[in-house]
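To be precise, the following lines are coords_18.cif, and they hold mmCIF, C-alpha atoms.
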data_run
#
loop_
_atom_site.group_PDB
_atom_site.id
_atom_site.type_symbol
_atom_site.label_atom_id
_atom_site.label_comp_id
_atom_site.auth_asym_id
_atom_site.auth_seq_id
_atom_site.Cartn_x
_atom_site.Cartn_y
_atom_site.Cartn_z
ATOM 1 C CA MET H 1 3.432 -16.026 17.387
ATOM 2 C CA LEU H 2 6.679 -17.297 15.986
ATOM 3 C CA GLU H 3 4.949 -20.600 15.273
ATOM 4 C CA LEU H 4 2.303 -18.689 13.331
ATOM 5 C CA THR H 5 4.991 -16.976 11.288
ATOM 6 C CA LYS H 6 6.727 -20.256 10.553
ATOM 7 C CA ALA H 7 3.429 -21.840 9.539
ATOM 8 C CA TYR H 8 2.777 -19.111 6.984
ATOM 9 C CA LEU H 9 6.298 -19.375 5.649
ATOM 10 C CA VAL H 10 6.131 -23.135 5.318
ATOM 11 C CA LYS H 11 2.688 -23.000 3.748
ATOM 12 C CA ARG H 12 3.837 -20.569 1.082
ATOM 13 C CA GLU H 13 7.426 -21.674 0.574
ATOM 14 C CA THR H 14 6.977 -21.452 -3.198
ATOM 15 C CA TYR H 15 6.595 -17.696 -2.795
ATOM 16 C CA PHE H 16 9.477 -16.965 -0.439
ATOM 17 C CA VAL H 17 11.868 -18.430 2.063
ATOM 18 C CA LYS H 18 12.815 -16.782 5.366
ATOM 19 C CA ARG H 19 16.549 -16.112 5.563
ATOM 20 C CA THR H 20 17.043 -13.766 8.556
ATOM 21 C CA ASN H 21 14.789 -11.633 10.736
ATOM 22 C CA ASN H 22 14.377 -8.950 8.077
ATOM 23 C CA GLU H 23 15.285 -10.638 4.854
ATOM 24 C CA ILE H 24 12.952 -12.603 2.646
ATOM 25 C CA ARG H 25 14.027 -14.166 -0.608
ATOM 26 C CA ASP H 26 11.540 -14.897 -3.343
ATOM 27 C CA THR H 27 11.709 -17.858 -5.693
ATOM 28 C CA ASN H 28 14.245 -15.972 -7.836
ATOM 29 C CA ASN H 29 16.456 -15.614 -4.725
ATOM 30 C CA GLU H 30 15.945 -11.834 -4.780
ATOM 31 C CA ILE H 31 15.758 -10.107 -1.395
ATOM 32 C CA ARG H 32 12.357 -8.639 -0.512
ATOM 33 C CA ILE H 33 11.911 -6.693 2.710
ATOM 34 C CA MET H 34 8.422 -5.919 3.926
ATOM 35 C CA ILE H 35 8.314 -2.427 5.427
ATOM 36 C CA LEU H 36 4.996 -1.946 7.216
ATOM 37 C CA THR H 37 5.207 1.843 7.209
ATOM 38 C CA GLN H 38 5.110 1.696 3.406
ATOM 39 C CA ILE H 39 1.540 0.371 3.633
ATOM 40 C CA LEU H 40 0.460 2.110 6.853
ATOM 41 C CA THR H 41 -0.157 5.816 7.387
ATOM 42 C CA PRO H 42 -1.080 7.655 10.593
ATOM 43 C CA ALA H 43 -4.511 8.298 9.028
ATOM 44 C CA CYS H 44 -5.166 4.526 9.173
ATOM 45 C CA ILE H 45 -4.446 4.258 12.889
ATOM 46 C CA ARG H 46 -7.114 4.610 15.580
ATOM 47 C CA VAL H 47 -6.049 5.331 19.157
ATOM 48 C CA PRO H 48 -8.198 4.478 21.008
ATOM 49 C CA LEU H 49 -10.617 2.164 19.248
ATOM 50 C CA THR H 50 -14.249 2.873 20.138
ATOM 51 C CA GLY H 51 -15.619 -0.614 19.417
ATOM 52 C CA ASN H 52 -16.094 -2.988 22.317
ATOM 53 C CA ASP H 53 -16.317 -6.348 20.547
ATOM 54 C CA ARG H 54 -14.523 -8.193 17.767
ATOM 55 C CA GLU H 55 -16.969 -7.382 14.962
ATOM 56 C CA SER H 56 -17.327 -3.688 15.826
ATOM 57 C CA VAL H 57 -13.547 -3.222 15.992
ATOM 58 C CA ILE H 58 -13.043 -4.952 12.639
ATOM 59 C CA THR H 59 -15.792 -2.771 11.160
ATOM 60 C CA GLU H 60 -14.198 0.338 12.657
ATOM 61 C CA LEU H 61 -10.828 -0.445 11.055
ATOM 62 C CA VAL H 62 -12.364 -1.327 7.673
ATOM 63 C CA ASP H 63 -14.286 1.970 7.821
ATOM 64 C CA LEU H 64 -11.022 3.771 8.563
ATOM 65 C CA LEU H 65 -9.489 2.297 5.396
ATOM 66 C CA ASP H 66 -12.597 3.254 3.450
ATOM 67 C CA GLU H 67 -12.550 6.842 4.786
ATOM 68 C CA ASN H 68 -9.004 7.114 3.439
ATOM 69 C CA ASN H 69 -10.076 5.929 -0.029
ATOM 70 C CA LEU H 70 -8.050 2.730 0.148
ATOM 71 C CA LEU H 71 -10.921 0.382 -0.665
ATOM 72 C CA SER H 72 -12.823 -0.058 -3.891
ATOM 73 C CA ASP H 73 -15.685 -1.845 -2.097
ATOM 74 C CA ARG H 74 -16.006 -1.529 1.678
ATOM 75 C CA GLN H 75 -18.638 -4.244 2.063
ATOM 76 C CA ILE H 76 -16.633 -6.844 0.141
ATOM 77 C CA VAL H 77 -13.598 -6.149 2.339
ATOM 78 C CA LEU H 78 -15.634 -6.260 5.543
ATOM 79 C CA ASP H 79 -17.298 -9.520 4.492
ATOM 80 C CA ALA H 80 -13.923 -11.091 3.601
ATOM 81 C CA VAL H 81 -12.323 -10.168 6.925
ATOM 82 C CA LEU H 82 -15.344 -11.286 8.962
ATOM 83 C CA ALA H 83 -15.566 -14.548 6.985
ATOM 84 C CA ARG H 84 -11.895 -15.240 7.703
ATOM 85 C CA GLU H 85 -12.488 -14.472 11.372
ATOM 86 C CA GLN H 86 -15.349 -16.988 11.458
ATOM 87 C CA THR H 87 -13.091 -19.802 10.252
ATOM 88 C CA ARG H 88 -10.610 -19.246 13.075
ATOM 89 C CA SER H 89 -9.904 -16.394 15.443
ATOM 90 C CA THR H 90 -7.059 -14.128 14.422
ATOM 91 C CA GLY H 91 -6.286 -13.453 18.084
ATOM 92 C CA ILE H 92 -2.745 -14.839 18.049
ATOM 93 C CA GLY H 93 -1.983 -14.322 21.725
ATOM 94 C CA SER H 94 -0.088 -11.776 23.822
ATOM 95 C CA GLY H 95 -2.870 -9.218 23.384
ATOM 96 C CA ILE H 96 -2.627 -9.141 19.568
ATOM 97 C CA ALA H 97 -5.140 -9.839 16.806
ATOM 98 C CA ILE H 98 -4.434 -9.674 13.085
ATOM 99 C CA PRO H 99 -7.790 -9.855 11.326
ATOM 100 C CA HIS H 100 -7.201 -10.152 7.602
ATOM 101 C CA GLY H 101 -8.842 -11.031 4.337
ATOM 102 C CA LYS H 102 -8.184 -11.347 0.644
ATOM 103 C CA CYS H 103 -10.829 -10.101 -1.769
ATOM 104 C CA ASN H 104 -11.591 -7.996 -4.830
ATOM 105 C CA GLY H 105 -12.676 -5.016 -2.729
ATOM 106 C CA VAL H 106 -9.130 -3.658 -2.569
ATOM 107 C CA LYS H 107 -6.515 -3.086 -5.277
ATOM 108 C CA GLU H 108 -3.368 -3.134 -3.103
ATOM 109 C CA LEU H 109 -2.368 -4.463 0.299
ATOM 110 C CA THR H 110 -3.778 -2.117 2.940
ATOM 111 C CA MET H 111 -3.331 -1.954 6.688
ATOM 112 C CA ALA H 112 -5.076 -0.330 9.633
ATOM 113 C CA VAL H 113 -4.099 -0.485 13.303
ATOM 114 C CA GLY H 114 -6.088 0.185 16.432
ATOM 115 C CA ILE H 115 -5.436 0.134 20.161
ATOM 116 C CA SER H 116 -8.081 -0.897 22.668
ATOM 117 C CA PRO H 117 -6.821 0.102 26.127
ATOM 118 C CA GLY H 118 -9.519 -1.964 27.853
ATOM 119 C CA GLY H 119 -9.005 -5.020 25.678
ATOM 120 C CA ILE H 120 -11.440 -6.952 23.483
ATOM 121 C CA ASP H 121 -12.396 -10.619 23.552
ATOM 122 C CA PHE H 122 -11.104 -12.045 20.264
ATOM 123 C CA GLN H 123 -11.236 -15.652 21.474
ATOM 124 C CA SER H 124 -7.443 -15.616 21.300
ATOM 125 C CA ILE H 125 -5.417 -18.782 21.544
ATOM 126 C CA ASP H 126 -4.133 -17.738 24.978
ATOM 127 C CA ALA H 127 -7.608 -16.553 26.147
ATOM 128 C CA LYS H 128 -6.225 -13.042 26.852
ATOM 129 C CA THR H 129 -8.039 -9.924 25.710
ATOM 130 C CA VAL H 130 -6.659 -8.113 22.679
ATOM 131 C CA LYS H 131 -5.332 -4.577 22.919
ATOM 132 C CA ILE H 132 -3.482 -4.349 19.577
ATOM 133 C CA VAL H 133 -5.557 -4.955 16.453
ATOM 134 C CA ILE H 134 -3.792 -4.949 13.084
ATOM 135 C CA LEU H 135 -6.091 -5.366 10.098
ATOM 136 C CA LEU H 136 -4.841 -6.348 6.636
ATOM 137 C CA ALA H 137 -6.777 -6.517 3.391
ATOM 138 C CA SER H 138 -5.297 -7.523 0.074
ATOM 139 C CA PRO H 139 -6.385 -8.501 -3.427
ATOM 140 C CA THR H 140 -6.881 -12.198 -4.063
ATOM 141 C CA ASP H 141 -4.126 -12.226 -6.676
ATOM 142 C CA LYS H 142 -1.419 -10.765 -4.382
ATOM 143 C CA THR H 143 -0.742 -13.522 -1.870
ATOM 144 C CA GLY H 144 2.993 -12.849 -1.488
ATOM 145 C CA PRO H 145 2.773 -9.338 0.024
ATOM 146 C CA HIS H 146 -0.144 -10.430 2.231
ATOM 147 C CA ILE H 147 1.865 -13.311 3.702
ATOM 148 C CA GLN H 148 4.984 -11.153 4.027
ATOM 149 C CA ALA H 149 3.032 -8.544 5.999
ATOM 150 C CA LEU H 150 1.610 -11.208 8.329
ATOM 151 C CA ALA H 151 5.095 -12.580 8.894
ATOM 152 C CA ARG H 152 6.609 -9.133 9.477
ATOM 153 C CA ILE H 153 3.892 -8.180 11.970
ATOM 154 C CA SER H 154 4.328 -11.455 13.843
ATOM 155 C CA ARG H 155 8.081 -10.953 13.985
ATOM 156 C CA LEU H 156 7.832 -7.382 15.321
ATOM 157 C CA MET H 157 5.265 -8.419 17.925
ATOM 158 C CA LEU H 158 7.655 -10.920 19.499
ATOM 159 C CA ASP H 159 9.178 -7.986 21.410
ATOM 160 C CA ALA H 160 7.178 -7.588 24.650
ATOM 161 C CA VAL H 161 8.607 -4.116 25.343
ATOM 162 C CA PHE H 162 7.553 -2.960 21.878
ATOM 163 C CA ARG H 163 4.045 -4.365 22.370
ATOM 164 C CA GLU H 164 3.743 -2.506 25.658
ATOM 165 C CA LYS H 165 4.807 0.751 24.001
ATOM 166 C CA LEU H 166 2.150 0.254 21.317
ATOM 167 C CA GLU H 167 -0.517 -0.474 23.933
ATOM 168 C CA ASN H 168 0.389 2.755 25.751
ATOM 169 C CA ALA H 169 0.444 4.978 22.651
ATOM 170 C CA THR H 170 -1.792 8.010 23.068
ATOM 171 C CA SER H 171 -2.079 9.078 19.414
ATOM 172 C CA ALA H 172 -1.998 7.691 15.912
ATOM 173 C CA GLN H 173 1.190 9.632 15.154
ATOM 174 C CA GLN H 174 2.940 8.250 18.229
ATOM 175 C CA LEU H 175 1.981 4.682 17.315
ATOM 176 C CA TYR H 176 3.144 5.198 13.718
ATOM 177 C CA GLU H 177 6.494 6.545 14.938
ATOM 178 C CA LEU H 178 6.915 3.569 17.285
ATOM 179 C CA ILE H 179 6.426 1.171 14.374
ATOM 180 C CA SER H 180 8.724 3.219 12.141
ATOM 181 C CA ASP H 181 11.450 3.346 14.804
ATOM 182 C CA LYS H 182 11.160 -0.407 15.441
ATOM 183 C CA GLU H 183 11.471 -1.181 11.749
ATOM 184 C CA SER H 184 14.556 1.017 11.423
ATOM 185 C CA GLU H 185 16.273 -0.922 14.240
ATOM 186 C CA ALA H 186 16.355 -4.091 12.249
#
structure tokens encoding of this file:
Amino acid sequence: MLELTKAYLVKRETYFVKRTNNEIRDTNNEIRIMILTQILTPACIRVPLTGNDRESVITELVDLLDENNLLSDRQIVLDAVLAREQTRSTGIGSGIAIPHGKCNGVKELTMAVGISPGGIDFQSIDAKTVKIVILLASPTDKTGPHIQALARISRLMLDAVFREKLENATSAQQLYELISDKESEA
């Protein structure tokens, strides 16, 4: 996962440069810190997910965003995320998938999280099933926050103990508090 984070940072170095674990500097050398709980609410967390395959889980999380009035066009967002998933699996290993897409069906960066206790085949790079699914959708003209969120998620997921706590969460509120507590550590 760290390699994934580095790849995004290198690919978009004109937007920001990684300085420490929690600090990102933009091209004006101003510090920008991505706080996931500023874009995630307990209402956009599903524990447990009901879908049993990659497409149904992605649809479930997009629907969750739509139910919370965070999308301007559900179908455009769903199509963008599924199209991205077709180019390459977003199963990044260690039981984590980060399906994401950029499109005009959303006005701001949005995030939904789901836990699948039984695991889902996401065709992950390590061939393990995915239990933690973190979906991001952002407007096409807001690449910086999208990349920052991907990097922040990847960084937080490096902690195996934290991942295990997320996998064992029994409610949306508990999962939200775990993420909030983890972010406040750093």
- Task: Name the residues that the PyMOL selection byres ((chain H and resi 98) around 6) picks from the file above, as a ChimeraX atom specification, using the file's chain letters and numbers.
- Result: /H:90,97,99,133-135
Could you spell out the hits of the PyMOL selection byres ((chain H and resi 126) around 8) on the shown file, as an mmCIF file with C-alpha atoms, keeping the file's coordinate frame?
data_model
loop_
_atom_site.group_PDB
_atom_site.id
_atom_site.type_symbol
_atom_site.label_atom_id
_atom_site.label_comp_id
_atom_site.auth_asym_id
_atom_site.auth_seq_id
_atom_site.Cartn_x
_atom_site.Cartn_y
_atom_site.Cartn_z
ATOM 1 C CA ILE H 92 -2.745 -14.839 18.049
ATOM 2 C CA GLY H 93 -1.983 -14.322 21.725
ATOM 3 C CA SER H 94 -0.088 -11.776 23.822
ATOM 4 C CA SER H 124 -7.443 -15.616 21.300
ATOM 5 C CA ILE H 125 -5.417 -18.782 21.544
ATOM 6 C CA ALA H 127 -7.608 -16.553 26.147
ATOM 7 C CA LYS H 128 -6.225 -13.042 26.852
#
- Skip region 79-83 of chain H itself and residues of its chain fewer than 2 positions away, then list as a VMD selection string all residues within 10 Å of it, counting only C-alpha atoms. chain H and resid 54 to 55 58 to 59 62 74 to 77 85 to 90 99 to 105 135 to 138
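If you count all atoms listed in the file and ignore residues fewer than 6 places along the chain from Gln173 (chain H), what sits within 9 Å of it is Thr41, Pro42, Ala43 and Ile45 of chain H.
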- Would you translate the PyMOL selection byres ((chain H and resi 118) around 12) into the concrete set of residues it matches in this file, as a ChimeraX atom specification? /H:47-53,95,115-117,119-121,128-132,167-168
- Extract, using only C-alpha atoms, all DNA, RNA and protein residues at most 10 Å from Leu166 (chain H), discarding same-chain residues fewer than 4 positions from it, and format them as a ChimeraX atom specification. /H:47,114-115,131-132,157,160-162,170-171,174-179
Got time to write the residues from that selection, C-alpha atoms, as a PDB file, in the frame of the given file?
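The result, stored in result_12.pdb:
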ATOM      1  CA  VAL H  47      -6.049   5.331  19.157  1.00  0.00           C
ATOM      2  CA  GLY H 114      -6.088   0.185  16.432  1.00  0.00           C
ATOM      3  CA  ILE H 115      -5.436   0.134  20.161  1.00  0.00           C
ATOM      4  CA  LYS H 131      -5.332  -4.577  22.919  1.00  0.00           C
ATOM      5  CA  ILE H 132      -3.482  -4.349  19.577  1.00  0.00           C
ATOM      6  CA  MET H 157       5.265  -8.419  17.925  1.00  0.00           C
ATOM      7  CA  ALA H 160       7.178  -7.588  24.650  1.00  0.00           C
ATOM      8  CA  VAL H 161       8.607  -4.116  25.343  1.00  0.00           C
ATOM      9  CA  PHE H 162       7.553  -2.960  21.878  1.00  0.00           C
ATOM     10  CA  THR H 170      -1.792   8.010  23.068  1.00  0.00           C
ATOM     11  CA  SER H 171      -2.079   9.078  19.414  1.00  0.00           C
ATOM     12  CA  GLN H 174       2.940   8.250  18.229  1.00  0.00           C
ATOM     13  CA  LEU H 175       1.981   4.682  17.315  1.00  0.00           C
ATOM     14  CA  TYR H 176       3.144   5.198  13.718  1.00  0.00           C
ATOM     15  CA  GLU H 177       6.494   6.545  14.938  1.00  0.00           C
ATOM     16  CA  LEU H 178       6.915   3.569  17.285  1.00  0.00           C
ATOM     17  CA  ILE H 179       6.426   1.171  14.374  1.00  0.00           C
TER      18      ILE H 179
END
- Item | Closest of H:Thr110, H:Gln123, H:Thr140, H:Ser72 to Leu36 (chain H) - atom-to-atom distances counting only C-alpha atoms | H:Thr110
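Going from CA of Gln148 (chain H) over to CA of Val113 (chain H), you cover 16.8 Å.
Atom pair CA of Ala112 (chain H) / CA of Ala172 (chain H) has a distance of 10.6 Å (rounded to one decimal).
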